[in-house]
>>> print(open('query.cif').read())   # mmCIF, C-alpha atoms
data_input
#
loop_
_atom_site.label_atom_id
_atom_site.label_comp_id
_atom_site.auth_asym_id
_atom_site.auth_seq_id
_atom_site.Cartn_x
_atom_site.Cartn_y
_atom_site.Cartn_z
CA MET A 212 -16.63 0.03 18.74
CA MET A 213 -14.12 -0.64 15.99
CA THR A 214 -14.31 -3.80 13.95
CA TYR A 215 -10.67 -4.88 13.78
CA ILE A 216 -9.70 -5.96 10.28
CA GLY A 217 -5.94 -6.05 10.21
CA HIS A 218 -2.55 -4.73 11.21
CA HIS A 219 -0.70 -2.10 9.17
CA ILE A 220 2.99 -1.33 9.66
CA ILE A 221 4.21 1.92 8.11
CA ALA A 222 7.96 2.39 8.18
CA GLU A 223 10.56 4.87 7.05
CA LEU A 224 14.07 3.47 6.62
CA LYS A 225 17.27 5.46 6.31
CA PHE A 226 20.52 4.06 4.91
CA THR A 227 24.14 5.19 5.15
CA ASP A 228 24.08 5.61 1.38
CA GLY A 229 21.68 4.83 -1.43
CA ASN A 230 23.69 2.07 -3.11
CA SER A 231 21.81 -0.90 -1.68
CA ILE A 232 18.40 0.49 -2.69
CA LYS A 233 19.14 1.55 -6.27
CA ARG A 234 18.45 -1.72 -8.13
CA VAL A 235 15.47 -4.03 -8.25
CA GLY A 236 17.27 -7.39 -8.29
CA GLN A 237 18.25 -7.93 -4.70
CA LEU A 238 15.30 -5.99 -3.29
CA LYS A 239 12.81 -8.16 -5.17
CA GLN A 240 14.41 -11.29 -3.72
CA ILE A 241 14.33 -9.94 -0.17
CA PHE A 242 10.65 -8.96 -0.35
CA GLU A 243 9.55 -12.23 -1.96
CA ASP A 244 11.48 -14.18 0.68
CA ALA A 245 9.93 -12.11 3.50
CA VAL A 246 6.42 -13.02 2.36
CA LYS A 247 7.33 -16.70 1.93
CA LYS A 248 8.77 -16.77 5.43
CA SER A 249 5.58 -15.32 6.94
CA ARG A 250 3.34 -17.88 5.21
CA LEU A 251 1.11 -15.09 3.98
CA THR A 252 -0.51 -15.91 0.62
CA LYS A 253 0.93 -14.10 -2.39
CA LEU A 254 -1.55 -13.38 -5.21
CA SER A 255 0.79 -11.42 -7.45
CA SER A 256 3.70 -8.99 -7.35
CA ASP A 257 5.26 -6.36 -9.55
CA TYR A 258 8.48 -4.36 -9.42
CA HIS A 259 9.71 -1.39 -11.34
CA GLN A 260 13.24 -0.11 -11.91
CA PHE A 261 13.46 3.66 -12.30
CA LYS A 262 16.20 5.34 -14.31
CA PRO A 263 18.88 6.23 -13.36
CA PHE A 264 18.03 4.52 -10.04
CA GLY A 265 15.20 3.86 -7.62
CA VAL A 266 12.82 0.94 -7.20
CA THR A 267 9.17 0.47 -6.41
CA GLY A 268 7.45 -2.80 -5.66
CA TYR A 269 4.22 -4.38 -4.59
CA ILE A 270 3.13 -7.79 -3.38
CA LEU A 271 -0.63 -8.30 -3.38
CA LEU A 272 -1.64 -10.79 -0.71
CA ALA A 273 -4.83 -12.70 0.01
CA GLU A 274 -4.37 -10.92 3.35
CA SER A 275 -3.80 -7.39 1.89
CA HIS A 276 -0.38 -6.11 0.72
CA VAL A 277 3.30 -5.34 1.14
CA SER A 278 4.80 -2.36 -0.70
CA PHE A 279 8.01 -0.37 -0.84
CA HIS A 280 9.45 2.60 -2.68
CA THR A 281 13.07 3.77 -2.65
CA TRP A 282 14.63 7.19 -3.06
CA PRO A 283 18.38 6.46 -3.24
CA GLU A 284 19.13 10.17 -3.58
CA ASN A 285 17.69 10.59 -0.06
CA ASN A 286 19.06 7.27 1.32
CA TYR A 287 15.39 6.54 2.01
CA MET A 288 12.95 3.66 1.60
CA SER A 289 9.29 3.49 2.57
CA ILE A 290 7.74 0.18 3.57
CA ASP A 291 4.10 -0.74 4.16
CA VAL A 292 3.00 -4.12 5.48
CA PHE A 293 -0.78 -4.47 5.76
CA SER A 294 -2.00 -7.88 6.89
CA CYS A 295 -5.45 -9.08 7.85
CA GLY A 296 -3.71 -12.27 8.87
CA SER A 297 -2.20 -12.19 12.34
CA LYS A 298 -0.20 -9.23 13.62
CA GLU A 299 2.61 -11.75 14.12
CA GLN A 300 2.74 -12.47 10.38
CA ALA A 301 3.12 -8.77 9.62
CA GLU A 302 5.95 -8.63 12.17
CA ILE A 303 7.68 -11.64 10.61
CA VAL A 304 7.69 -9.89 7.22
CA PHE A 305 8.92 -6.63 8.68
CA ASN A 306 11.64 -8.11 10.88
CA TYR A 307 12.98 -10.19 8.00
CA LEU A 308 13.14 -7.06 5.83
CA LEU A 309 15.09 -5.16 8.50
CA GLU A 310 17.49 -8.07 8.98
CA LYS A 311 18.28 -8.18 5.25
CA LEU A 312 18.11 -4.48 4.36
CA LYS A 313 20.16 -3.27 7.34
CA PRO A 314 18.97 0.36 7.54
CA ILE A 315 20.76 2.69 9.97
CA THR A 316 17.53 4.16 11.32
CA VAL A 317 13.93 2.93 11.30
CA ASN A 318 10.81 4.89 12.12
CA LYS A 319 7.98 2.36 12.52
CA LYS A 320 4.33 3.05 13.21
CA ASP A 321 1.70 0.40 13.93
CA PHE A 322 -1.98 0.85 13.09
CA SER A 323 -5.08 -1.22 13.51
CA ARG A 324 -7.18 -1.10 10.35
CA GLY A 325 -10.95 -1.36 10.48
CA ILE A 326 -13.95 0.78 11.21
CA MET B 44 14.41 17.67 10.41
CA MET B 45 12.27 15.37 8.30
CA THR B 46 12.90 15.05 4.59
CA TYR B 47 9.38 15.15 3.18
CA ILE B 48 8.89 12.48 0.51
CA GLY B 49 5.17 12.20 -0.02
CA HIS B 50 1.63 12.25 1.23
CA HIS B 51 -0.16 9.11 2.41
CA ILE B 52 -3.93 8.94 2.91
CA ILE B 53 -5.19 5.98 4.93
CA ALA B 54 -8.94 5.56 4.97
CA GLU B 55 -11.56 3.23 6.35
CA LEU B 56 -14.92 3.27 4.54
CA LYS B 57 -18.18 1.86 5.78
CA PHE B 58 -21.15 1.06 3.56
CA THR B 59 -24.86 0.51 4.25
CA ASP B 60 -24.39 -3.01 2.92
CA GLY B 61 -21.66 -4.97 1.19
CA ASN B 62 -23.27 -5.30 -2.23
CA SER B 63 -21.37 -2.52 -3.98
CA ILE B 64 -17.98 -3.84 -2.83
CA LYS B 65 -18.39 -7.54 -3.64
CA ARG B 66 -17.28 -7.61 -7.30
CA VAL B 67 -14.15 -6.46 -9.05
CA GLY B 68 -15.71 -5.03 -12.24
CA GLN B 69 -17.03 -1.67 -11.17
CA LEU B 70 -14.39 -1.14 -8.49
CA LYS B 71 -11.58 -1.62 -11.00
CA GLN B 72 -13.11 1.01 -13.27
CA ILE B 73 -13.52 3.52 -10.44
CA PHE B 74 -9.91 3.14 -9.25
CA GLU B 75 -8.43 3.33 -12.75
CA ASP B 76 -10.51 6.45 -13.46
CA ALA B 77 -9.43 8.07 -10.19
CA VAL B 78 -5.76 7.73 -11.12
CA LYS B 79 -6.37 9.02 -14.67
CA LYS B 80 -8.18 12.04 -13.30
CA SER B 81 -5.28 12.90 -10.96
CA ARG B 82 -2.69 12.73 -13.76
CA LEU B 83 -0.54 10.48 -11.62
CA THR B 84 1.50 8.01 -13.70
CA LYS B 85 0.29 4.42 -13.66
CA LEU B 86 3.01 1.76 -14.03
CA SER B 87 0.80 -1.30 -13.58
CA SER B 88 -2.25 -2.54 -11.72
CA ASP B 89 -3.74 -5.81 -10.58
CA TYR B 90 -7.07 -6.85 -9.10
CA HIS B 91 -8.27 -10.03 -7.50
CA GLN B 92 -11.80 -11.36 -7.02
CA PHE B 93 -12.23 -13.47 -3.91
CA LYS B 94 -14.85 -16.20 -3.65
CA PRO B 95 -17.67 -15.95 -2.74
CA PHE B 96 -17.08 -12.18 -2.62
CA GLY B 97 -14.49 -9.53 -1.78
CA VAL B 98 -11.98 -7.66 -3.89
CA THR B 99 -8.40 -6.52 -3.52
CA GLY B 100 -6.49 -4.29 -5.88
CA TYR B 101 -3.56 -1.99 -6.32
CA ILE B 102 -2.23 0.49 -8.81
CA LEU B 103 1.52 0.92 -8.82
CA LEU B 104 2.43 4.52 -9.68
CA ALA B 105 5.64 6.25 -10.68
CA GLU B 106 4.70 8.34 -7.62
CA SER B 107 4.07 5.35 -5.24
CA HIS B 108 0.71 3.50 -5.05
CA VAL B 109 -3.03 3.27 -4.56
CA SER B 110 -4.54 0.15 -2.96
CA PHE B 111 -7.82 -1.12 -1.61
CA HIS B 112 -9.25 -4.22 0.01
CA THR B 113 -12.91 -4.98 0.66
CA TRP B 114 -14.66 -7.03 3.34
CA PRO B 115 -18.29 -7.11 2.18
CA GLU B 116 -19.25 -9.19 5.21
CA ASN B 117 -18.24 -6.19 7.35
CA ASN B 118 -19.52 -3.52 4.90
CA TYR B 119 -15.92 -2.31 4.99
CA MET B 120 -13.27 -1.16 2.52
CA SER B 121 -9.72 0.02 3.23
CA ILE B 122 -8.07 2.54 0.92
CA ASP B 123 -4.46 3.74 0.79
CA VAL B 124 -3.30 6.55 -1.47
CA PHE B 125 0.44 7.20 -1.23
CA SER B 126 1.75 9.87 -3.58
CA CYS B 127 5.13 11.52 -3.82
CA GLY B 128 3.51 13.79 -6.37
CA SER B 129 1.64 16.71 -4.87
CA LYS B 130 -0.69 16.33 -1.91
CA GLU B 131 -3.37 17.76 -4.19
CA GLN B 132 -3.03 14.78 -6.56
CA ALA B 133 -3.58 12.35 -3.68
CA GLU B 134 -6.67 14.35 -2.71
CA ILE B 135 -8.00 14.28 -6.27
CA VAL B 136 -7.75 10.46 -6.27
CA PHE B 137 -9.36 10.14 -2.86
CA ASN B 138 -12.20 12.60 -3.48
CA TYR B 139 -13.06 10.94 -6.77
CA LEU B 140 -13.19 7.55 -5.01
CA LEU B 141 -15.56 8.88 -2.34
CA GLU B 142 -17.79 10.50 -4.95
CA LYS B 143 -18.16 7.22 -6.84
CA LEU B 144 -18.12 4.72 -3.97
CA LYS B 145 -20.57 6.64 -1.75
CA PRO B 146 -19.66 5.19 1.66
CA ILE B 147 -21.85 6.15 4.63
CA THR B 148 -18.90 6.86 6.90
CA VAL B 149 -15.25 7.67 6.21
CA ASN B 150 -12.38 7.68 8.66
CA LYS B 151 -9.44 9.41 6.92
CA LYS B 152 -5.94 9.93 8.25
CA ASP B 153 -3.24 11.99 6.53
CA PHE B 154 0.45 11.26 6.94
CA SER B 155 3.63 12.82 5.66
CA ARG B 156 6.05 10.12 4.55
CA GLY B 157 9.80 10.61 4.81
CA ILE B 158 12.53 10.45 7.38
#
>>> encode(input="query.cif", output="structure tokens")
Amino acid sequence: MMTYIGHHIIAELKFTDGNSIKRVGQLKQIFEDAVKKSRLTKLSSDYHQFKPFGVTGYILLAESHVSFHTWPENNYMSIDVFSCGSKEQAEIVFNYLLEKLKPITVNKKDFSRGI
Amino acid sequence: MMTYIGHHIIAELKFTDGNSIKRVGQLKQIFEDAVKKSRLTKLSSDYHQFKPFGVTGYILLAESHVSFHTWPENNYMSIDVFSCGSKEQAEIVFNYLLEKLKPITVNKKDFSRGI
């Protein structure tokens, strides 16, 4: 029998163009707000701006992590939300991100983590 | 057709007991060494020691990220290795971690990321 530890959302987002995912500023704000909204506990976060464009970011949580990486040249962003809080909290983070990021297509997979 | 972006290893590790996964010190060293060995490019990393025990950490890479979270009370550790470098580099990280961490069971899943 599996010991359930947490819920992990893995998502692939596609955009009409790469403009909205080129720069760290707005993306950082959206991700920080998503975690605040979920009431998950942020321990730390870090973001990196690639040249000429592209962003990667990480929020370490008491309940695991949220991460994203963008490839504007492919109109693509990866998102991971791993929460050992409730599944609902992971969904709050993810739904807020979709609402703000407005991708044209989303491929979402849900996993139970544990052993 | 999917645009392939990177390789993501998701793993669940079980240990005979939780002692080796309680404290940040040795785990930090093992994860930092794993990334060095793979020649992936570290941007930053952060680790957190929970009280009374338990550790969470991540290494942000130019090629995505490595993360882990431990639940010593369940003899359990989660590992994620997401690399848009070669699949081989992700495997080098993961195999080094297994060699050093010595879990008794490993449940590993491999995913292609992209859209």
>>> interface_residues(input="query.cif", of="chain B", to="chain A", cutoff="9 Å", atoms="all atoms listed in the file", output="number ranges by chain")
B: 46, 48, 54-57, 86-91, 93, 99-101, 103-108, 110-112, 114, 117, 119-121, 148-150, 156-158
>>> calpha_fit_and_write(input="query.cif", fixed="chain A", moving="chain B", output="PDB file with C-alpha atoms, in the frame of the given file")
ATOM      1  CA  MET B  44     -16.621  -0.009  18.766  1.00  0.00           C
ATOM      2  CA  MET B  45     -14.111  -0.654  16.007  1.00  0.00           C
ATOM      3  CA  THR B  46     -14.305  -3.819  13.956  1.00  0.00           C
ATOM      4  CA  TYR B  47     -10.666  -4.875  13.788  1.00  0.00           C
ATOM      5  CA  ILE B  48      -9.706  -5.953  10.264  1.00  0.00           C
ATOM      6  CA  GLY B  49      -5.940  -6.042  10.186  1.00  0.00           C
ATOM      7  CA  HIS B  50      -2.571  -4.727  11.194  1.00  0.00           C
ATOM      8  CA  HIS B  51      -0.716  -2.102   9.164  1.00  0.00           C
ATOM      9  CA  ILE B  52       2.979  -1.331   9.660  1.00  0.00           C
ATOM     10  CA  ILE B  53       4.204   1.915   8.114  1.00  0.00           C
ATOM     11  CA  ALA B  54       7.947   2.396   8.177  1.00  0.00           C
ATOM     12  CA  GLU B  55      10.549   4.874   7.044  1.00  0.00           C
ATOM     13  CA  LEU B  56      14.078   3.483   6.622  1.00  0.00           C
ATOM     14  CA  LYS B  57      17.268   5.451   6.307  1.00  0.00           C
ATOM     15  CA  PHE B  58      20.512   4.064   4.913  1.00  0.00           C
ATOM     16  CA  THR B  59      24.152   5.176   5.154  1.00  0.00           C
ATOM     17  CA  ASP B  60      24.069   5.613   1.389  1.00  0.00           C
ATOM     18  CA  GLY B  61      21.684   4.820  -1.435  1.00  0.00           C
ATOM     19  CA  ASN B  62      23.680   2.064  -3.114  1.00  0.00           C
ATOM     20  CA  SER B  63      21.802  -0.902  -1.674  1.00  0.00           C
ATOM     21  CA  ILE B  64      18.403   0.502  -2.687  1.00  0.00           C
ATOM     22  CA  LYS B  65      19.147   1.541  -6.276  1.00  0.00           C
ATOM     23  CA  ARG B  66      18.455  -1.729  -8.137  1.00  0.00           C
ATOM     24  CA  VAL B  67      15.467  -4.017  -8.271  1.00  0.00           C
ATOM     25  CA  GLY B  68      17.269  -7.394  -8.298  1.00  0.00           C
ATOM     26  CA  GLN B  69      18.235  -7.930  -4.698  1.00  0.00           C
ATOM     27  CA  LEU B  70      15.286  -5.989  -3.295  1.00  0.00           C
ATOM     28  CA  LYS B  71      12.808  -8.166  -5.179  1.00  0.00           C
ATOM     29  CA  GLN B  72      14.399 -11.293  -3.730  1.00  0.00           C
ATOM     30  CA  ILE B  73      14.325  -9.940  -0.175  1.00  0.00           C
ATOM     31  CA  PHE B  74      10.640  -8.953  -0.364  1.00  0.00           C
ATOM     32  CA  GLU B  75       9.545 -12.228  -1.964  1.00  0.00           C
ATOM     33  CA  ASP B  76      11.477 -14.171   0.693  1.00  0.00           C
ATOM     34  CA  ALA B  77       9.937 -12.114   3.500  1.00  0.00           C
ATOM     35  CA  VAL B  78       6.423 -13.020   2.368  1.00  0.00           C
ATOM     36  CA  LYS B  79       7.333 -16.712   1.947  1.00  0.00           C
ATOM     37  CA  LYS B  80       8.774 -16.792   5.439  1.00  0.00           C
ATOM     38  CA  SER B  81       5.582 -15.322   6.948  1.00  0.00           C
ATOM     39  CA  ARG B  82       3.334 -17.885   5.229  1.00  0.00           C
ATOM     40  CA  LEU B  83       1.117 -15.091   3.987  1.00  0.00           C
ATOM     41  CA  THR B  84      -0.511 -15.909   0.630  1.00  0.00           C
ATOM     42  CA  LYS B  85       0.926 -14.119  -2.384  1.00  0.00           C
ATOM     43  CA  LEU B  86      -1.552 -13.386  -5.201  1.00  0.00           C
ATOM     44  CA  SER B  87       0.795 -11.414  -7.449  1.00  0.00           C
ATOM     45  CA  SER B  88       3.698  -8.992  -7.353  1.00  0.00           C
ATOM     46  CA  ASP B  89       5.269  -6.362  -9.550  1.00  0.00           C
ATOM     47  CA  TYR B  90       8.478  -4.350  -9.421  1.00  0.00           C
ATOM     48  CA  HIS B  91       9.704  -1.376 -11.360  1.00  0.00           C
ATOM     49  CA  GLN B  92      13.241  -0.097 -11.923  1.00  0.00           C
ATOM     50  CA  PHE B  93      13.466   3.659 -12.311  1.00  0.00           C
ATOM     51  CA  LYS B  94      16.219   5.336 -14.310  1.00  0.00           C
ATOM     52  CA  PRO B  95      18.898   6.210 -13.361  1.00  0.00           C
ATOM     53  CA  PHE B  96      18.047   4.518 -10.046  1.00  0.00           C
ATOM     54  CA  GLY B  97      15.208   3.850  -7.610  1.00  0.00           C
ATOM     55  CA  VAL B  98      12.826   0.950  -7.205  1.00  0.00           C
ATOM     56  CA  THR B  99       9.159   0.506  -6.427  1.00  0.00           C
ATOM     57  CA  GLY B 100       7.375  -2.743  -5.752  1.00  0.00           C
ATOM     58  CA  TYR B 101       4.364  -4.399  -4.249  1.00  0.00           C
ATOM     59  CA  ILE B 102       3.153  -7.840  -3.350  1.00  0.00           C
ATOM     60  CA  LEU B 103      -0.593  -8.299  -3.390  1.00  0.00           C
ATOM     61  CA  LEU B 104      -1.642 -10.798  -0.710  1.00  0.00           C
ATOM     62  CA  ALA B 105      -4.831 -12.700   0.003  1.00  0.00           C
ATOM     63  CA  GLU B 106      -4.377 -10.914   3.352  1.00  0.00           C
ATOM     64  CA  SER B 107      -3.814  -7.378   1.875  1.00  0.00           C
ATOM     65  CA  HIS B 108      -0.379  -6.124   0.702  1.00  0.00           C
ATOM     66  CA  VAL B 109       3.291  -5.335   1.137  1.00  0.00           C
ATOM     67  CA  SER B 110       4.822  -2.368  -0.714  1.00  0.00           C
ATOM     68  CA  PHE B 111       8.010  -0.367  -0.853  1.00  0.00           C
ATOM     69  CA  HIS B 112       9.458   2.603  -2.687  1.00  0.00           C
ATOM     70  CA  THR B 113      13.066   3.775  -2.655  1.00  0.00           C
ATOM     71  CA  TRP B 114      14.644   7.211  -3.041  1.00  0.00           C
ATOM     72  CA  PRO B 115      18.377   6.467  -3.242  1.00  0.00           C
ATOM     73  CA  GLU B 116      19.134  10.174  -3.582  1.00  0.00           C
ATOM     74  CA  ASN B 117      17.695  10.595  -0.067  1.00  0.00           C
ATOM     75  CA  ASN B 118      19.055   7.273   1.307  1.00  0.00           C
ATOM     76  CA  TYR B 119      15.394   6.549   2.017  1.00  0.00           C
ATOM     77  CA  MET B 120      12.962   3.657   1.607  1.00  0.00           C
ATOM     78  CA  SER B 121       9.284   3.497   2.580  1.00  0.00           C
ATOM     79  CA  ILE B 122       7.734   0.174   3.562  1.00  0.00           C
ATOM     80  CA  ASP B 123       4.088  -0.740   4.161  1.00  0.00           C
ATOM     81  CA  VAL B 124       2.998  -4.122   5.476  1.00  0.00           C
ATOM     82  CA  PHE B 125      -0.781  -4.462   5.745  1.00  0.00           C
ATOM     83  CA  SER B 126      -2.000  -7.867   6.879  1.00  0.00           C
ATOM     84  CA  CYS B 127      -5.436  -9.074   7.850  1.00  0.00           C
ATOM     85  CA  GLY B 128      -3.700 -12.274   8.863  1.00  0.00           C
ATOM     86  CA  SER B 129      -2.208 -12.188  12.333  1.00  0.00           C
ATOM     87  CA  LYS B 130      -0.198  -9.245  13.611  1.00  0.00           C
ATOM     88  CA  GLU B 131       2.615 -11.745  14.125  1.00  0.00           C
ATOM     89  CA  GLN B 132       2.739 -12.468  10.373  1.00  0.00           C
ATOM     90  CA  ALA B 133       3.130  -8.758   9.610  1.00  0.00           C
ATOM     91  CA  GLU B 134       5.953  -8.629  12.160  1.00  0.00           C
ATOM     92  CA  ILE B 135       7.669 -11.648  10.615  1.00  0.00           C
ATOM     93  CA  VAL B 136       7.678  -9.883   7.218  1.00  0.00           C
ATOM     94  CA  PHE B 137       8.920  -6.619   8.676  1.00  0.00           C
ATOM     95  CA  ASN B 138      11.639  -8.124  10.876  1.00  0.00           C
ATOM     96  CA  TYR B 139      12.966 -10.195   8.000  1.00  0.00           C
ATOM     97  CA  LEU B 140      13.129  -7.052   5.831  1.00  0.00           C
ATOM     98  CA  LEU B 141      15.095  -5.160   8.489  1.00  0.00           C
ATOM     99  CA  GLU B 142      17.485  -8.069   8.969  1.00  0.00           C
ATOM    100  CA  LYS B 143      18.281  -8.182   5.251  1.00  0.00           C
ATOM    101  CA  LEU B 144      18.093  -4.487   4.356  1.00  0.00           C
ATOM    102  CA  LYS B 145      20.148  -3.261   7.338  1.00  0.00           C
ATOM    103  CA  PRO B 146      18.967   0.362   7.520  1.00  0.00           C
ATOM    104  CA  ILE B 147      20.747   2.680   9.970  1.00  0.00           C
ATOM    105  CA  THR B 148      17.523   4.155  11.310  1.00  0.00           C
ATOM    106  CA  VAL B 149      13.926   2.925  11.304  1.00  0.00           C
ATOM    107  CA  ASN B 150      10.809   4.891  12.118  1.00  0.00           C
ATOM    108  CA  LYS B 151       7.969   2.353  12.521  1.00  0.00           C
ATOM    109  CA  LYS B 152       4.317   3.051  13.202  1.00  0.00           C
ATOM    110  CA  ASP B 153       1.691   0.393  13.932  1.00  0.00           C
ATOM    111  CA  PHE B 154      -1.964   0.850  13.067  1.00  0.00           C
ATOM    112  CA  SER B 155      -5.081  -1.219  13.505  1.00  0.00           C
ATOM    113  CA  ARG B 156      -7.177  -1.099  10.347  1.00  0.00           C
ATOM    114  CA  GLY B 157     -10.958  -1.348  10.484  1.00  0.00           C
ATOM    115  CA  ILE B 158     -13.937   0.812  11.218  1.00  0.00           C
TER     116      ILE B 158
END
>>> atom_distance(input="query.cif", atom1="CA of Lys313 in chain A", atom2="CA of His50 in chain B")
24.9 Å
>>> atom_distance(input="query.cif", atom1="CA of Ile290 in chain A", atom2="CA of Leu309 in chain A")
10.3 Å
>>> atom_distance(input="query.cif", atom1="CA of Val277 in chain A", atom2="CA of Lys143 in chain B")
26.1 Å
>>> residues_around(input="query.cif", residues="Val304 in chain A", least_positions_apart="4", cutoff="10 Å", atoms="all atoms listed in the file", output="list in words")
Ile241, Phe242, Glu243, Asp244, Ala245, Val246, Lys247, Lys248, Ser249, Arg250, Leu251, Val277, Val292, Ser294, Glu299, Gln300, Leu308 and Leu309 of chain A
